[in-house]
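*Asks:* Sharing query-v2.tsv below, TSV, C-alpha atoms (C1' of nucleotides):
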```
chain	number	residue	atom	x	y	z
A	1	MET	CA	-10.45	27.45	2.36
A	2	ALA	CA	-11.99	25.40	-0.40
A	3	ILE	CA	-13.32	21.94	0.40
A	4	GLU	CA	-12.82	19.25	-2.22
A	5	ASP	CA	-15.44	16.87	-3.59
A	6	ASN	CA	-14.34	14.25	-1.11
A	7	GLY	CA	-14.90	16.63	1.81
A	8	ILE	CA	-11.20	16.98	2.51
A	9	SER	CA	-9.67	20.44	2.73
A	10	LEU	CA	-6.32	21.04	1.09
A	11	GLY	CA	-5.37	23.58	3.72
A	12	ALA	CA	-2.44	25.77	2.76
A	13	LEU	CA	-1.88	23.75	-0.39
A	14	ASP	CA	-5.01	25.19	-1.85
A	15	THR	CA	-3.43	28.50	-2.76
A	16	LEU	CA	0.04	27.22	-3.59
A	17	VAL	CA	0.73	27.38	-7.30
A	18	GLY	CA	3.54	24.83	-6.99
A	19	TYR	CA	1.20	22.24	-5.56
A	20	HIS	CA	-1.28	22.56	-8.38
A	21	ILE	CA	1.45	22.45	-11.01
A	22	ARG	CA	2.78	19.31	-9.40
A	23	ARG	CA	-0.63	17.68	-9.36
A	24	ALA	CA	-1.43	18.64	-12.93
A	25	SER	CA	1.98	17.41	-14.03
A	26	SER	CA	1.53	14.07	-12.33
A	27	LEU	CA	-1.94	13.72	-13.77
A	28	MET	CA	-0.84	14.49	-17.28
A	29	ALA	CA	2.11	12.14	-16.92
A	30	THR	CA	-0.21	9.30	-15.95
A	31	ASP	CA	-2.48	9.89	-18.91
A	32	PHE	CA	0.52	10.30	-21.20
A	33	THR	CA	1.78	6.90	-20.11
A	34	ASN	CA	-1.58	5.33	-20.84
A	35	ALA	CA	-1.82	7.08	-24.18
A	36	MET	CA	1.59	5.72	-25.18
A	37	ALA	CA	1.08	2.18	-23.94
A	38	GLY	CA	2.85	-0.29	-26.20
A	39	THR	CA	4.93	2.31	-28.04
A	40	GLY	CA	7.87	2.36	-25.63
A	41	ILE	CA	7.74	6.17	-25.73
A	42	ARG	CA	7.87	8.01	-22.42
A	43	GLN	CA	7.67	11.75	-21.83
A	44	VAL	CA	11.45	12.20	-21.69
A	45	LEU	CA	12.05	10.07	-24.74
A	46	PHE	CA	9.57	12.02	-26.79
A	47	GLY	CA	11.28	15.17	-25.62
A	48	VAL	CA	14.63	13.95	-26.89
A	49	LEU	CA	13.15	12.83	-30.20
A	50	SER	CA	11.37	16.13	-30.66
A	51	ILE	CA	14.56	18.09	-30.08
A	52	ILE	CA	16.50	15.96	-32.54
A	53	ALA	CA	13.75	16.19	-35.14
A	54	ALA	CA	13.73	19.97	-34.86
A	55	ASN	CA	17.53	20.28	-34.65
A	56	PRO	CA	19.10	17.56	-36.76
A	57	GLY	CA	22.80	17.21	-36.12
A	58	ILE	CA	22.51	18.42	-32.52
A	59	ASN	CA	24.79	16.77	-29.98
A	60	GLN	CA	24.01	15.06	-26.70
A	61	SER	CA	24.92	17.85	-24.34
A	62	ARG	CA	22.83	20.39	-26.14
A	63	ILE	CA	19.81	18.10	-26.17
A	64	GLY	CA	20.13	17.86	-22.42
A	65	GLU	CA	20.57	21.59	-22.19
A	66	ALA	CA	17.35	22.19	-24.10
A	67	LEU	CA	15.39	19.78	-21.93
A	68	GLY	CA	17.00	20.33	-18.56
A	69	ILE	CA	18.50	16.85	-18.50
A	70	GLN	CA	22.00	16.35	-17.15
A	71	ARG	CA	24.73	14.93	-19.36
A	72	ALA	CA	25.03	11.83	-17.20
A	73	ASN	CA	21.35	11.07	-17.53
A	74	MET	CA	21.33	11.60	-21.28
A	75	VAL	CA	23.53	8.57	-21.85
A	76	SER	CA	21.01	5.84	-21.10
A	77	LEU	CA	18.24	7.74	-22.86
A	78	ILE	CA	20.27	7.91	-26.04
A	79	ASN	CA	21.24	4.25	-25.68
A	80	GLU	CA	17.59	3.37	-25.35
A	81	LEU	CA	16.64	5.32	-28.46
A	82	MET	CA	19.56	3.87	-30.41
A	83	ALA	CA	18.62	0.33	-29.39
A	84	ALA	CA	15.11	0.98	-30.68
A	85	ASP	CA	16.57	2.21	-33.97
A	86	PHE	CA	15.03	5.65	-33.67
A	87	LEU	CA	18.33	7.49	-34.09
A	88	THR	CA	21.54	7.56	-36.04
A	89	ARG	CA	24.65	8.63	-34.17
A	90	LYS	CA	27.77	9.89	-35.90
A	91	VAL	CA	30.95	11.40	-34.57
A	92	SER	CA	30.77	15.13	-35.13
A	93	PRO	CA	33.02	16.32	-37.96
A	94	ASP	CA	33.77	19.41	-35.85
A	95	ASP	CA	34.48	17.70	-32.54
A	96	ARG	CA	35.70	14.16	-32.16
A	97	ARG	CA	34.36	13.97	-28.61
A	98	ALA	CA	30.79	14.71	-29.68
A	99	PHE	CA	28.08	12.73	-31.39
A	100	VAL	CA	25.56	14.24	-33.74
A	101	PHE	CA	22.13	12.69	-34.05
A	102	GLU	CA	19.40	12.40	-36.59
A	103	LEU	CA	16.16	10.46	-36.68
A	104	THR	CA	16.02	7.27	-38.72
A	105	ALA	CA	13.08	6.76	-41.05
A	106	HIS	CA	11.65	4.54	-38.34
A	107	GLY	CA	12.23	7.28	-35.79
A	108	GLU	CA	10.41	9.80	-37.97
A	109	HIS	CA	7.47	7.47	-38.22
A	110	VAL	CA	7.39	6.80	-34.49
A	111	VAL	CA	7.51	10.50	-33.71
A	112	ALA	CA	4.61	11.18	-36.06
A	113	ASP	CA	2.57	8.41	-34.46
A	114	ALA	CA	3.47	9.53	-30.95
A	115	LEU	CA	2.57	13.09	-31.76
A	116	ALA	CA	-0.85	12.06	-32.99
A	117	ARG	CA	-1.45	10.19	-29.73
A	118	ILE	CA	-0.16	13.10	-27.68
A	119	ARG	CA	-2.48	15.52	-29.42
A	120	GLN	CA	-5.41	13.26	-28.57
A	121	HIS	CA	-4.18	12.99	-25.02
A	122	GLU	CA	-3.90	16.75	-24.68
A	123	GLU	CA	-7.30	17.17	-26.28
A	124	ARG	CA	-8.74	14.77	-23.73
A	125	LEU	CA	-7.31	16.62	-20.77
A	126	LEU	CA	-7.74	20.12	-22.12
A	127	SER	CA	-11.11	19.79	-23.78
A	128	GLY	CA	-12.43	22.49	-21.46
A	129	PHE	CA	-9.84	24.97	-22.71
A	130	SER	CA	-10.16	27.24	-25.69
A	131	ALA	CA	-7.16	27.67	-27.96
A	132	ALA	CA	-6.57	31.07	-26.40
A	133	GLU	CA	-6.66	29.57	-22.91
A	134	ARG	CA	-4.17	26.88	-23.86
A	135	ALA	CA	-1.85	29.48	-25.31
A	136	LEU	CA	-2.24	31.59	-22.19
A	137	LEU	CA	-1.47	28.61	-19.99
A	138	VAL	CA	1.67	27.82	-21.96
A	139	GLU	CA	2.70	31.46	-21.89
A	140	MET	CA	2.33	31.60	-18.11
A	141	LEU	CA	4.26	28.37	-17.61
A	142	THR	CA	7.00	29.65	-19.89
A	143	ARG	CA	7.29	32.71	-17.71
A	144	ILE	CA	7.97	30.47	-14.72
A	145	GLU	CA	10.54	28.53	-16.72
A	146	ALA	CA	12.27	31.78	-17.57
A	147	VAL	CA	12.97	32.62	-13.93
A	148	PRO	CA	16.64	32.05	-13.04
A	149	LEU	CA	17.19	30.00	-9.84
A	150	GLU	CA	20.42	31.87	-8.96
B	1	MET	CA	8.41	27.28	-34.28
B	2	ALA	CA	9.95	29.34	-31.51
B	3	ILE	CA	13.71	29.23	-31.03
B	4	GLU	CA	15.01	29.29	-27.49
B	5	ASP	CA	17.72	31.53	-26.05
B	6	ASN	CA	20.28	28.82	-26.65
B	7	GLY	CA	19.34	28.60	-30.32
B	8	ILE	CA	17.72	25.20	-29.93
B	9	SER	CA	14.19	24.69	-31.20
B	10	LEU	CA	11.78	22.69	-29.06
B	11	GLY	CA	10.00	21.36	-32.10
B	12	ALA	CA	6.62	19.83	-31.38
B	13	LEU	CA	7.18	20.25	-27.64
B	14	ASP	CA	6.79	23.96	-28.02
B	15	THR	CA	3.01	23.84	-28.24
B	16	LEU	CA	2.44	20.91	-25.91
B	17	VAL	CA	0.89	22.00	-22.65
B	18	GLY	CA	2.02	18.83	-20.93
B	19	TYR	CA	5.64	19.52	-21.68
B	20	HIS	CA	5.53	23.00	-20.21
B	21	ILE	CA	3.68	21.80	-17.13
B	22	ARG	CA	6.33	19.14	-16.66
B	23	ARG	CA	9.15	21.64	-17.01
B	24	ALA	CA	7.56	24.16	-14.68
B	25	SER	CA	6.87	21.43	-12.16
B	26	SER	CA	10.46	20.22	-12.23
B	27	LEU	CA	11.75	23.75	-11.93
B	28	MET	CA	9.55	24.57	-8.98
B	29	ALA	CA	10.47	21.27	-7.34
B	30	THR	CA	14.16	22.11	-7.59
B	31	ASP	CA	13.67	25.52	-6.05
B	32	PHE	CA	11.39	24.06	-3.40
B	33	THR	CA	14.12	21.64	-2.42
B	34	ASN	CA	16.63	24.45	-2.12
B	35	ALA	CA	14.21	26.59	-0.15
B	36	MET	CA	13.67	23.75	2.34
B	37	ALA	CA	17.29	22.74	2.71
B	38	GLY	CA	17.99	21.60	6.26
B	39	THR	CA	14.35	21.28	7.27
B	40	GLY	CA	13.80	17.71	6.12
B	41	ILE	CA	10.58	18.81	4.44
B	42	ARG	CA	9.94	17.73	0.87
B	43	GLN	CA	6.99	18.60	-1.34
B	44	VAL	CA	5.08	15.41	-0.53
B	45	LEU	CA	5.74	15.69	3.18
B	46	PHE	CA	4.46	19.23	3.29
B	47	GLY	CA	1.40	18.03	1.41
B	48	VAL	CA	0.68	15.41	4.03
B	49	LEU	CA	1.23	17.86	6.88
B	50	SER	CA	-1.00	20.44	5.27
B	51	ILE	CA	-3.82	17.94	4.84
B	52	ILE	CA	-3.56	16.82	8.45
B	53	ALA	CA	-3.41	20.40	9.70
B	54	ALA	CA	-6.57	21.25	7.79
B	55	ASN	CA	-8.33	17.98	8.63
B	56	PRO	CA	-7.28	16.86	12.08
B	57	GLY	CA	-8.33	13.31	12.82
B	58	ILE	CA	-8.15	12.28	9.17
B	59	ASN	CA	-6.89	8.78	8.43
B	60	GLN	CA	-4.10	7.56	6.20
B	61	SER	CA	-6.17	6.47	3.24
B	62	ARG	CA	-8.03	9.70	2.99
B	63	ILE	CA	-4.82	11.72	3.15
B	64	GLY	CA	-3.62	9.72	0.19
B	65	GLU	CA	-6.92	10.20	-1.54
B	66	ALA	CA	-6.68	13.96	-1.16
B	67	LEU	CA	-3.14	14.06	-2.52
B	68	GLY	CA	-3.27	11.32	-5.11
B	69	ILE	CA	-0.88	9.11	-3.17
B	70	GLN	CA	-1.47	5.38	-3.03
B	71	ARG	CA	-2.04	3.69	0.29
B	72	ALA	CA	1.13	1.64	-0.09
B	73	ASN	CA	3.21	4.76	-0.60
B	74	MET	CA	1.63	6.57	2.34
B	75	VAL	CA	3.15	4.14	4.81
B	76	SER	CA	6.75	5.28	4.65
B	77	LEU	CA	5.73	8.93	4.46
B	78	ILE	CA	3.78	8.63	7.69
B	79	ASN	CA	6.63	6.70	9.30
B	80	GLU	CA	9.01	9.46	8.35
B	81	LEU	CA	6.77	12.16	9.80
B	82	MET	CA	6.22	10.13	12.96
B	83	ALA	CA	9.95	9.57	13.39
B	84	ALA	CA	10.45	13.34	13.15
B	85	ASP	CA	7.80	13.85	15.82
B	86	PHE	CA	5.56	15.93	13.57
B	87	LEU	CA	2.49	13.75	14.10
B	88	THR	CA	0.52	11.87	16.66
B	89	ARG	CA	-1.12	8.65	15.55
B	90	LYS	CA	-4.02	7.05	17.39
B	91	VAL	CA	-6.24	4.15	16.56
B	92	SER	CA	-9.55	5.52	15.34
B	93	PRO	CA	-12.38	5.16	17.88
B	94	ASP	CA	-14.69	4.41	14.94
B	95	ASP	CA	-12.53	1.89	13.11
B	96	ARG	CA	-9.89	-0.26	14.72
B	97	ARG	CA	-8.09	-0.73	11.39
B	98	ALA	CA	-7.55	2.97	10.91
B	99	PHE	CA	-5.24	5.53	12.42
B	100	VAL	CA	-6.18	9.13	12.98
B	101	PHE	CA	-3.53	11.80	12.89
B	102	GLU	CA	-2.92	15.20	14.33
B	103	LEU	CA	0.05	17.53	14.29
B	104	THR	CA	2.23	17.73	17.37
B	105	ALA	CA	3.17	21.16	18.68
B	106	HIS	CA	6.49	20.63	16.97
B	107	GLY	CA	4.67	19.70	13.78
B	108	GLU	CA	2.61	22.87	13.93
B	109	HIS	CA	5.73	24.90	14.31
B	110	VAL	CA	7.48	23.16	11.43
B	111	VAL	CA	4.50	23.66	9.15
B	112	ALA	CA	4.40	27.36	9.96
B	113	ASP	CA	8.10	27.71	9.25
B	114	ALA	CA	7.85	25.67	6.06
B	115	LEU	CA	4.91	27.70	4.86
B	116	ALA	CA	6.84	30.92	5.32
B	117	ARG	CA	9.69	29.53	3.24
B	118	ILE	CA	7.29	28.24	0.60
B	119	ARG	CA	5.63	31.61	0.28
B	120	GLN	CA	9.03	33.18	-0.33
B	121	HIS	CA	9.86	30.47	-2.83
B	122	GLU	CA	6.61	31.05	-4.70
B	123	GLU	CA	7.16	34.77	-4.58
B	124	ARG	CA	10.60	34.27	-6.08
B	125	LEU	CA	9.31	32.19	-8.97
B	126	LEU	CA	6.08	34.04	-9.54
B	127	SER	CA	7.25	37.61	-9.02
B	128	GLY	CA	6.19	38.38	-12.58
B	129	PHE	CA	2.61	37.34	-11.85
B	130	SER	CA	-0.12	39.53	-10.46
B	131	ALA	CA	-2.43	38.07	-7.81
B	132	ALA	CA	-5.10	37.74	-10.47
B	133	GLU	CA	-2.73	35.88	-12.76
B	134	ARG	CA	-1.73	33.48	-10.01
B	135	ALA	CA	-5.36	32.80	-9.25
B	136	LEU	CA	-6.06	32.27	-12.93
B	137	LEU	CA	-3.16	29.88	-13.22
B	138	VAL	CA	-4.37	27.87	-10.23
B	139	GLU	CA	-7.89	27.88	-11.62
B	140	MET	CA	-6.71	26.53	-14.97
B	141	LEU	CA	-4.58	23.84	-13.35
B	142	THR	CA	-7.51	22.83	-11.18
B	143	ARG	CA	-9.59	22.38	-14.28
B	144	ILE	CA	-7.02	19.90	-15.57
B	145	GLU	CA	-7.04	18.10	-12.23
B	146	ALA	CA	-10.79	17.81	-12.46
B	147	VAL	CA	-10.69	15.77	-15.69
B	148	PRO	CA	-11.41	12.09	-15.03
B	149	LEU	CA	-8.87	9.69	-16.60
B	150	GLU	CA	-11.45	6.86	-16.98
C	1	DG	C1'	52.75	23.80	-24.50
C	2	DC	C1'	50.17	23.59	-20.39
C	3	DA	C1'	46.11	24.63	-17.78
C	4	DT	C1'	41.34	24.74	-18.26
C	5	DT	C1'	37.05	23.48	-20.15
C	6	DA	C1'	33.74	20.50	-22.72
C	7	DT	C1'	31.86	15.85	-24.03
C	8	DG	C1'	30.47	11.51	-23.15
C	9	DT	C1'	30.64	7.91	-19.77
C	10	DT	C1'	30.20	4.90	-15.40
C	11	DA	C1'	28.61	4.29	-10.95
C	12	DT	C1'	25.75	5.38	-7.19
C	13	DG	C1'	22.08	7.13	-4.32
C	14	DC	C1'	17.60	9.08	-3.29
C	15	DA	C1'	12.77	10.10	-4.27
C	16	DT	C1'	8.53	9.16	-6.66
C	17	DG	C1'	4.99	6.27	-8.19
C	18	DA	C1'	2.74	1.82	-9.61
C	19	DA	C1'	1.46	-3.02	-8.70
C	20	DA	C1'	0.64	-7.33	-6.30
C	21	DA	C1'	-0.34	-9.75	-2.31
C	22	DC	C1'	-1.52	-10.08	2.67
C	23	DA	C1'	-3.94	-9.85	7.62
C	24	DA	C1'	-7.30	-7.72	10.22
C	25	DA	C1'	-11.41	-5.27	10.63
C	26	DA	C1'	-15.68	-3.30	8.88
C	27	DT	C1'	-19.64	-3.50	5.92
C	28	DC	C1'	-23.07	-5.49	2.90
C	29	DG	C1'	-26.58	-8.68	1.44
C	30	DT	C1'	-29.51	-12.02	2.42
D	1	DA	C1'	-26.69	-13.76	12.21
D	2	DC	C1'	-23.50	-15.28	8.87
D	3	DG	C1'	-20.76	-15.42	4.80
D	4	DA	C1'	-19.01	-12.60	1.02
D	5	DT	C1'	-17.08	-8.35	-0.07
D	6	DT	C1'	-14.72	-4.20	0.81
D	7	DT	C1'	-11.59	-1.22	3.40
D	8	DT	C1'	-7.27	-0.13	5.97
D	9	DG	C1'	-2.70	-0.46	6.65
D	10	DT	C1'	1.31	-3.08	5.41
D	11	DT	C1'	5.44	-5.34	2.91
D	12	DT	C1'	7.83	-6.12	-1.13
D	13	DT	C1'	9.25	-5.19	-5.61
D	14	DC	C1'	9.99	-2.67	-9.82
D	15	DA	C1'	10.55	1.27	-13.14
D	16	DT	C1'	11.53	5.91	-13.59
D	17	DG	C1'	13.57	10.38	-12.75
D	18	DC	C1'	16.97	13.37	-11.17
D	19	DA	C1'	21.46	14.61	-8.66
D	20	DT	C1'	26.46	14.04	-7.72
D	21	DA	C1'	31.12	12.56	-8.17
D	22	DA	C1'	34.77	10.89	-10.80
D	23	DC	C1'	36.99	9.69	-15.14
D	24	DA	C1'	39.21	9.57	-20.14
D	25	DT	C1'	39.48	11.97	-24.19
D	26	DA	C1'	39.38	15.94	-26.96
D	27	DA	C1'	39.13	20.89	-27.63
D	28	DT	C1'	40.17	25.55	-26.22
D	29	DG	C1'	42.47	29.41	-23.88
D	30	DC	C1'	46.48	31.81	-22.22
```
Output the structure of this file as structure tokens.
*Replies:*
Amino acid sequence: MAIEDNGISLGALDTLVGYHIRRASSLMATDFTNAMAGTGIRQVLFGVLSIIAANPGINQSRIGEALGIQRANMVSLINELMAADFLTRKVSPDDRRAFVFELTAHGEHVVADALARIRQHEERLLSGFSAAERALLVEMLTRIEAVPLE
Amino acid sequence: MAIEDNGISLGALDTLVGYHIRRASSLMATDFTNAMAGTGIRQVLFGVLSIIAANPGINQSRIGEALGIQRANMVSLINELMAADFLTRKVSPDDRRAFVFELTAHGEHVVADALARIRQHEERLLSGFSAAERALLVEMLTRIEAVPLE
DNA sequence: GCATTATGTTATGCATGAAAACAAAATCGT
DNA sequence: ACGATTTTGTTTTCATGCATAACATAATGC
């Protein structure tokens, strides 16, 4: 059983993939927050913006579907992004219940800026990884994401 | 840019390691919760128990240090585990401010049961991974954990 | 045309994590 | 030995994330 720098053993956690994913996720989230300080962009919000940028005209439910966010929790996220003038929202011509979204010019700019910061942030945390290693890591994580939970 | 099963593109997210770690973490957390239903054990609680099991006599601050949990947030976790009779807490002979912890017999039993469930849960989500791949994944994640955030 | 499903919404609860401030004890520096 | 500093556990508070239930309105299926 490996002993950490601080002399504390992780015990069973040491070999649990889930634990290390959780820790890495928390760590990256913290650095992400720091990297985005002052921009008002959080991980989820960037996710939503990225989906809209790549799928203009997408509706709320499908954004949530892509990101694993429930319909109910999408509402306040969209409100937040609308209030910040990152999005335009129109009633779908095909479905009067649904809204379709696009980025505003301001939103486009913010996404570009955020992306630059995020790339620096990832570079900072993944400087020890070659491009091939990063791709391999993403590929492995994607395989986990692909597992159905019943 | 890759298109997902549902026909929605992830856009910039697609190549961001942080996004995939976040998604995998959330996914594993959900399945963990299901796997532990009825036991009262959550990811954090198992973490604390595992640290105590591997380092009997450890104090509260150092548990938090090992897991990246702040002192303030350790308090209610410990209270919860004490209330469930998983732990014994004694004042440290070396430091009258500090408590030292050990698992109760009940706690030992619960950890063993939880670990069995967790191994099944990991097996379920990582069935597509060889032992070498799992080790590689953990090794890569550990390298991220090792990066100082200033 | 009626039952069912989909979309967006409100409200609520629980869990996580960060921050500030505190008392009591230990440690450090001189 | 004594005063300043640090450490330990604690309370309180806040922001965020994620889940569930229930609802009105619109679309779809039979």
*Asks:* Could I get the residues of chain C with an atom no further than 10 Å from an atom of chain B, each paired with its nearest atom pair and that distance in Å to one decimal, using all atoms listed in the file, sorted by chain and residue number, as JSON lines?
*Replies:*
```
{"residue": "C:DA15", "atom": "C1'", "partner": "B:Arg42", "partner_atom": "CA", "distance": 9.6}
{"residue": "C:DT16", "atom": "C1'", "partner": "B:Asn73", "partner_atom": "CA", "distance": 9.2}
{"residue": "C:DG17", "atom": "C1'", "partner": "B:Asn73", "partner_atom": "CA", "distance": 7.9}
{"residue": "C:DA18", "atom": "C1'", "partner": "B:Gln70", "partner_atom": "CA", "distance": 8.6}
{"residue": "C:DA19", "atom": "C1'", "partner": "B:Ala72", "partner_atom": "CA", "distance": 9.8}
{"residue": "C:DA24", "atom": "C1'", "partner": "B:Arg97", "partner_atom": "CA", "distance": 7.1}
{"residue": "C:DA25", "atom": "C1'", "partner": "B:Arg97", "partner_atom": "CA", "distance": 5.7}
{"residue": "C:DA26", "atom": "C1'", "partner": "B:Asp95", "partner_atom": "CA", "distance": 7.4}
```
*Asks:* For chain A, report every residue with an atom at most 7 Å from chain B (counting only C-alpha atoms), formatted as a ChimeraX atom specification.
*Replies:* /A:8-13,17-18,20-22,24-25,27-28,31,47,50-51,54-55,66,125-126,138,141-142,144-145,147,149
*Asks:* Taking only C-alpha atoms (C1' of nucleotides) into account, which of B:Ala131, B:Glu123, B:Met74, B:Ala84 comes nearest chain D?
*Replies:*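 Nearest to chain D: B:Met74.
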*Asks:* Quick one: everything within 12 Å of DA21 in chain C, counting only C-alpha atoms (C1' of nucleotides), minus sequence neighbours fewer than 2 positions away in the same chain. Send it as a list in words.
*Replies:*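 Listed by chain and then number, they are Ala72 of chain B; DA19 and DA23 of chain C; DT10, DT11, DT12 and DT13 of chain D.
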*Asks:* For CA of Pro56 in chain B and CA of Leu77 in chain B, quote the distance in Å rounded to one decimal.
*Replies:* 17.0 Å
*Asks:* Go through B:Met36, B:Ala2, B:Gln60, B:Leu87 one by one, measure the shortest atom-to-atom distance of each to chain D using only C-alpha atoms (C1' of nucleotides), and give the residue with the smallest value.
*Replies:*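 Using only C-alpha atoms (C1' of nucleotides), the shortest distance to chain D belongs to B:Gln60.
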*Asks:* Output requested as a PDB file, keeping the file's coordinate frame - range 70-95 of chain B, filled out with N, CA and C atoms.
*Replies:*
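Result file is result_8.pdb:
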```pdb
ATOM      1  N   GLN B  70      -0.902   6.696  -3.303  1.00  0.00           N
ATOM      2  CA  GLN B  70      -1.470   5.380  -3.030  1.00  0.00           C
ATOM      3  C   GLN B  70      -1.225   4.959  -1.590  1.00  0.00           C
ATOM      4  N   ARG B  71      -2.139   4.170  -1.092  1.00  0.00           N
ATOM      5  CA  ARG B  71      -2.040   3.690   0.290  1.00  0.00           C
ATOM      6  C   ARG B  71      -0.654   3.148   0.583  1.00  0.00           C
ATOM      7  N   ALA B  72      -0.168   2.282  -0.331  1.00  0.00           N
ATOM      8  CA  ALA B  72       1.130   1.640  -0.090  1.00  0.00           C
ATOM      9  C   ALA B  72       2.239   2.676   0.077  1.00  0.00           C
ATOM     10  N   ASN B  73       2.145   3.760  -0.654  1.00  0.00           N
ATOM     11  CA  ASN B  73       3.210   4.760  -0.600  1.00  0.00           C
ATOM     12  C   ASN B  73       3.043   5.740   0.560  1.00  0.00           C
ATOM     13  N   MET B  74       1.856   5.719   1.175  1.00  0.00           N
ATOM     14  CA  MET B  74       1.630   6.570   2.340  1.00  0.00           C
ATOM     15  C   MET B  74       2.417   6.062   3.542  1.00  0.00           C
ATOM     16  N   VAL B  75       2.603   4.750   3.604  1.00  0.00           N
ATOM     17  CA  VAL B  75       3.150   4.140   4.810  1.00  0.00           C
ATOM     18  C   VAL B  75       4.487   4.758   5.215  1.00  0.00           C
ATOM     19  N   SER B  76       5.424   4.783   4.281  1.00  0.00           N
ATOM     20  CA  SER B  76       6.750   5.280   4.650  1.00  0.00           C
ATOM     21  C   SER B  76       6.733   6.790   4.898  1.00  0.00           C
ATOM     22  N   LEU B  77       5.833   7.487   4.217  1.00  0.00           N
ATOM     23  CA  LEU B  77       5.730   8.930   4.460  1.00  0.00           C
ATOM     24  C   LEU B  77       5.296   9.197   5.899  1.00  0.00           C
ATOM     25  N   ILE B  78       4.268   8.471   6.314  1.00  0.00           N
ATOM     26  CA  ILE B  78       3.780   8.630   7.690  1.00  0.00           C
ATOM     27  C   ILE B  78       4.864   8.228   8.687  1.00  0.00           C
ATOM     28  N   ASN B  79       5.553   7.138   8.399  1.00  0.00           N
ATOM     29  CA  ASN B  79       6.630   6.700   9.300  1.00  0.00           C
ATOM     30  C   ASN B  79       7.689   7.786   9.451  1.00  0.00           C
ATOM     31  N   GLU B  80       8.009   8.413   8.339  1.00  0.00           N
ATOM     32  CA  GLU B  80       9.010   9.460   8.350  1.00  0.00           C
ATOM     33  C   GLU B  80       8.538  10.642   9.221  1.00  0.00           C
ATOM     34  N   LEU B  81       7.301  11.015   9.048  1.00  0.00           N
ATOM     35  CA  LEU B  81       6.770  12.160   9.800  1.00  0.00           C
ATOM     36  C   LEU B  81       6.613  11.814  11.280  1.00  0.00           C
ATOM     37  N   MET B  82       6.299  10.568  11.571  1.00  0.00           N
ATOM     38  CA  MET B  82       6.220  10.130  12.960  1.00  0.00           C
ATOM     39  C   MET B  82       7.598  10.148  13.608  1.00  0.00           C
ATOM     40  N   ALA B  83       8.580   9.638  12.865  1.00  0.00           N
ATOM     41  CA  ALA B  83       9.950   9.570  13.390  1.00  0.00           C
ATOM     42  C   ALA B  83      10.468  10.976  13.700  1.00  0.00           C
ATOM     43  N   ALA B  84       9.995  11.961  12.936  1.00  0.00           N
ATOM     44  CA  ALA B  84      10.450  13.340  13.150  1.00  0.00           C
ATOM     45  C   ALA B  84       9.599  14.043  14.202  1.00  0.00           C
ATOM     46  N   ASP B  85       8.651  13.302  14.766  1.00  0.00           N
ATOM     47  CA  ASP B  85       7.800  13.850  15.820  1.00  0.00           C
ATOM     48  C   ASP B  85       6.937  15.020  15.331  1.00  0.00           C
ATOM     49  N   PHE B  86       6.461  14.910  14.108  1.00  0.00           N
ATOM     50  CA  PHE B  86       5.560  15.930  13.570  1.00  0.00           C
ATOM     51  C   PHE B  86       4.099  15.565  13.787  1.00  0.00           C
ATOM     52  N   LEU B  87       3.860  14.267  14.058  1.00  0.00           N
ATOM     53  CA  LEU B  87       2.490  13.750  14.100  1.00  0.00           C
ATOM     54  C   LEU B  87       2.237  12.936  15.351  1.00  0.00           C
ATOM     55  N   THR B  88       0.976  12.914  15.731  1.00  0.00           N
ATOM     56  CA  THR B  88       0.520  11.870  16.660  1.00  0.00           C
ATOM     57  C   THR B  88      -0.391  10.938  15.879  1.00  0.00           C
ATOM     58  N   ARG B  89      -0.308   9.667  16.225  1.00  0.00           N
ATOM     59  CA  ARG B  89      -1.120   8.650  15.550  1.00  0.00           C
ATOM     60  C   ARG B  89      -1.887   7.876  16.604  1.00  0.00           C
ATOM     61  N   LYS B  90      -3.205   7.853  16.479  1.00  0.00           N
ATOM     62  CA  LYS B  90      -4.020   7.050  17.390  1.00  0.00           C
ATOM     63  C   LYS B  90      -4.929   6.144  16.597  1.00  0.00           C
ATOM     64  N   VAL B  91      -5.254   5.026  17.195  1.00  0.00           N
ATOM     65  CA  VAL B  91      -6.240   4.150  16.560  1.00  0.00           C
ATOM     66  C   VAL B  91      -7.583   4.877  16.572  1.00  0.00           C
ATOM     67  N   SER B  92      -8.262   4.853  15.450  1.00  0.00           N
ATOM     68  CA  SER B  92      -9.550   5.520  15.340  1.00  0.00           C
ATOM     69  C   SER B  92     -10.571   4.890  16.280  1.00  0.00           C
ATOM     70  N   PRO B  93     -11.316   5.699  17.008  1.00  0.00           N
ATOM     71  CA  PRO B  93     -12.380   5.160  17.880  1.00  0.00           C
ATOM     72  C   PRO B  93     -13.486   4.506  17.053  1.00  0.00           C
ATOM     73  N   ASP B  94     -13.609   4.922  15.792  1.00  0.00           N
ATOM     74  CA  ASP B  94     -14.690   4.410  14.940  1.00  0.00           C
ATOM     75  C   ASP B  94     -14.296   3.154  14.158  1.00  0.00           C
ATOM     76  N   ASP B  95     -12.985   2.954  14.010  1.00  0.00           N
ATOM     77  CA  ASP B  95     -12.530   1.890  13.110  1.00  0.00           C
ATOM     78  C   ASP B  95     -11.168   1.404  13.573  1.00  0.00           C
TER      79      ASP B  95
END
```
